[in-house]
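Below: one structure, written as structure tokens.
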Amino acid sequence: MTLSITLLHGYLNVRDLGGLAILNQWSVFWSCTGLLVIITVLSIFAPHQNASWVFTHYQNQTGFENPGYVLVLGMIGAAYSLFGCECAASVNEETKDADISSPLAMVTSIAVSWAVGLAFLIVLLFSIQDIDTVMNSTLDMPVAQLFYASDAIGIWGTMGFLILIVVCQFCTGATTVTVTSRQIYALARDHATPMSQSLKTINSHQLPENAVWFTILMTCLVVLPFPLSEHLFETIVSATTITGHFSYAMVLGCRLIVPNPENRRGRFNLGKWSVWINLIGFLWAVFAIIAFVLPTSWPINGDTFNYAGVGFMTVIIIIVTFWLGWGRYHYEGPKAKSDEIGE
């Protein structure tokens, strides 16, 4: 089923850009409205803890005794919430007034995610009656257990919640294919990938069809190991998240080391706060990379070992090998000089 949905995402991404825009708008509406519905339902119908338990109770199930270390592990969730906020920049060439629209989209996505996510998290904490029951739920989705455990919500309310999640994931998957394929297209256009002539091809709908199907192929290769090894799949996903933050750190670090020599600013800029915000973003990205590779439970064995570091080092080795063996002989830097998508 996963492979079928992935293929459907590929089809949507090579047929109609207008349809993708509608799907993305629907995704935003569905996600925000759905979260508000979930917050409202849990607030009204679910049994609640008292405020003292929500804001002062400390429960540690990691096996580590150091509260500071446990706090660092807890920050991993916050790092996940920022992942992908730069996706708007990947479709700049298909966006009107991109120099204003894209940065506004990135900032707005973070601000809205923070506000709605904080409200959602507080409501979830108020709704938890027994942490062990939630974590050991047979539903394989701890949050769904909160709905299922409430007599007022029941199985049908839980099904509605799961349908909401499925629709959000479908829209997110389609958007992810769009963003990734545009990145591959941009690299191919600058001759930064093998088979660049093929990958930068534009179809009759003015969409990078070959780049889309290459993205679908790579996605299928990532998904296929899951039935064989859950650890391997988790390693791949973890490596993706870490390398994403590593790319953030590289860009922000370069901006700090080599500031804008001409002091040129776009229509959207951070003014005098630019350096300080870049520094905070860089330090956060470095912190996130370190946090992602730390052991998350004790004792450490084959089932509890954090394979994220292994995946991250594997990606680094592949990238360095690719650069030494191919990239440095072919890539000469960005070549695109025009906004025309066909160039």
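FYI, nothing fancy with the structure tokens labels: chains A, B, ... in order, residues from 1 per chain, ligands from 1 as they appear.
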
Quick one: residues within 10 Å of Ala144 of chain A, only C-alpha atoms counted, chain neighbours fewer than 5 positions away excluded, as a list in words? Val134, Ser137, Leu139, Ala149, Ile155, Gly157, Thr158, Met159, Phe161 and Leu162 of chain A

N, CA and C atoms of the current selection, written as a PDB file, in the first residue's frame:
```
ATOM      1  N   VAL A 134      -0.568   4.496  27.823  1.00  0.00           N
ATOM      2  CA  VAL A 134      -0.417   5.187  26.548  1.00  0.00           C
ATOM      3  C   VAL A 134       0.795   4.651  25.785  1.00  0.00           C
ATOM      4  N   SER A 137       0.368   1.040  24.356  1.00  0.00           N
ATOM      5  CA  SER A 137      -0.898   0.842  23.652  1.00  0.00           C
ATOM      6  C   SER A 137      -0.750  -0.157  22.509  1.00  0.00           C
ATOM      7  N   LEU A 139      -2.448  -0.020  19.937  1.00  0.00           N
ATOM      8  CA  LEU A 139      -2.800   0.687  18.709  1.00  0.00           C
ATOM      9  C   LEU A 139      -1.572   1.132  17.922  1.00  0.00           C
ATOM     10  N   ALA A 149      -9.354   5.622  24.942  1.00  0.00           N
ATOM     11  CA  ALA A 149      -9.587   5.399  26.368  1.00  0.00           C
ATOM     12  C   ALA A 149     -10.748   6.215  26.904  1.00  0.00           C
ATOM     13  N   ILE A 155     -14.512   4.384  19.919  1.00  0.00           N
ATOM     14  CA  ILE A 155     -13.815   3.860  18.745  1.00  0.00           C
ATOM     15  C   ILE A 155     -14.054   4.705  17.506  1.00  0.00           C
ATOM     16  N   GLY A 157     -14.720   7.978  17.329  1.00  0.00           N
ATOM     17  CA  GLY A 157     -13.929   9.200  17.440  1.00  0.00           C
ATOM     18  C   GLY A 157     -12.459   8.935  17.175  1.00  0.00           C
ATOM     19  N   THR A 158     -11.994   7.775  17.634  1.00  0.00           N
ATOM     20  CA  THR A 158     -10.596   7.390  17.378  1.00  0.00           C
ATOM     21  C   THR A 158     -10.370   7.172  15.887  1.00  0.00           C
ATOM     22  N   MET A 159     -11.340   6.547  15.214  1.00  0.00           N
ATOM     23  CA  MET A 159     -11.225   6.350  13.769  1.00  0.00           C
ATOM     24  C   MET A 159     -11.176   7.686  13.034  1.00  0.00           C
ATOM     25  N   PHE A 161      -9.973  10.444  14.211  1.00  0.00           N
ATOM     26  CA  PHE A 161      -8.629  10.980  14.448  1.00  0.00           C
ATOM     27  C   PHE A 161      -7.611  10.342  13.504  1.00  0.00           C
ATOM     28  N   LEU A 162      -7.694   9.027  13.350  1.00  0.00           N
ATOM     29  CA  LEU A 162      -6.746   8.325  12.485  1.00  0.00           C
ATOM     30  C   LEU A 162      -6.923   8.725  11.020  1.00  0.00           C
TER      31      LEU A 162
END
```

Exercise: Thr6 of chain A partners within 9 Å, only C-alpha atoms, chain neighbours under 2 positions left out, as an NGL selection string: :A and (1-4 or 8-11 or 173-174 or 177 or 216 or 219-220)

Nearest-residue call for Ala119 of chain A, choices A:Asn66, A:Asp97, A:Ile76, A:Ile39, using only C-alpha atoms: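 Looking only at the distances to Ala119 of chain A, the closest residue turns out to be A:Ile39.
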
With only C-alpha atoms as the atoms that count, which of A:Ile316, A:Gly311, A:His191, A:Met218 lies nearest to Tyr329 of chain A?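 Using only C-alpha atoms, Tyr329 of chain A sits closest to A:His191.
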
Looking at only C-alpha atoms, which of A:Trp276, A:Trp53, A:Tyr185, A:Tyr58 is the one that sits closest to Gln197 of chain A? A:Tyr185

Could you work out how far atom CA of Phe214 of chain A lies from atom CA of Leu199 of chain A, giving the answer in Å with one decimal?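 For atom CA of Leu199 of chain A relative to atom CA of Phe214 of chain A, the distance reads 8.0 Å.
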
Need the shell around segment 124-131 of chain A: protein/DNA/RNA residues with any atom at most 9 Å away, counting only C-alpha atoms. Skip same-chain ones fewer than 3 positions apart. Format as a PyMOL selection string? chain A and resi 39+42-43+46-51+53-55+119-121+134-136+143+146

Can you tell me which residues surround Ala78 of chain A at a distance of at most 10 Å, considering only C-alpha atoms, apart from same-chain residues fewer than 3 positions away, and format the answer as an MDAnalysis selection string? chainID A and resid 73:75 81:83 114 117 288

Extract, using only C-alpha atoms, all DNA, RNA and protein residues at most 12 Å from segment 295-309 of chain A, discarding same-chain residues fewer than 6 positions from it, and format them as a count of residues only. 33

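Ranking A:Gly266, A:Phe322, A:Asp190, A:Tyr248 by their shortest atom-to-atom distance to Trp284 of chain A, with only C-alpha atoms included, puts A:Tyr248 first.
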
Got a sec to tell me which of segment 242-318 of chain A DSSP assigns to helix (DSSP H, G or I), as a ChimeraX atom specification? /A:242-257,271-293,308-318

Which residues, written as a ChimeraX atom specification, have at least one atom at most 10 Å from Ile184 of chain A, with only C-alpha atoms counted and residues fewer than 3 positions away on the same chain left out? /A:90,179-181,187-190,192-193,196,199-200,208,210-212,214-215

Atom pair atom CA of Gly154 of chain A / atom CA of Thr40 of chain A: separation (Å):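 A separation of 15.4 Å between them.
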
Pick the closest to Ile163 of chain A from A:Gly34, A:Ala285, A:Ser27, A:Thr321: which is it, counting only C-alpha atoms?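 Answer, going by the shortest atom-to-atom distance: A:Gly34.
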
Point-to-point distance from atom CA of Val14 of chain A to atom CA of Glu209 of chain A, Å rounded to tenths: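 Between atom CA of Val14 of chain A and atom CA of Glu209 of chain A the gap is 5.3 Å.
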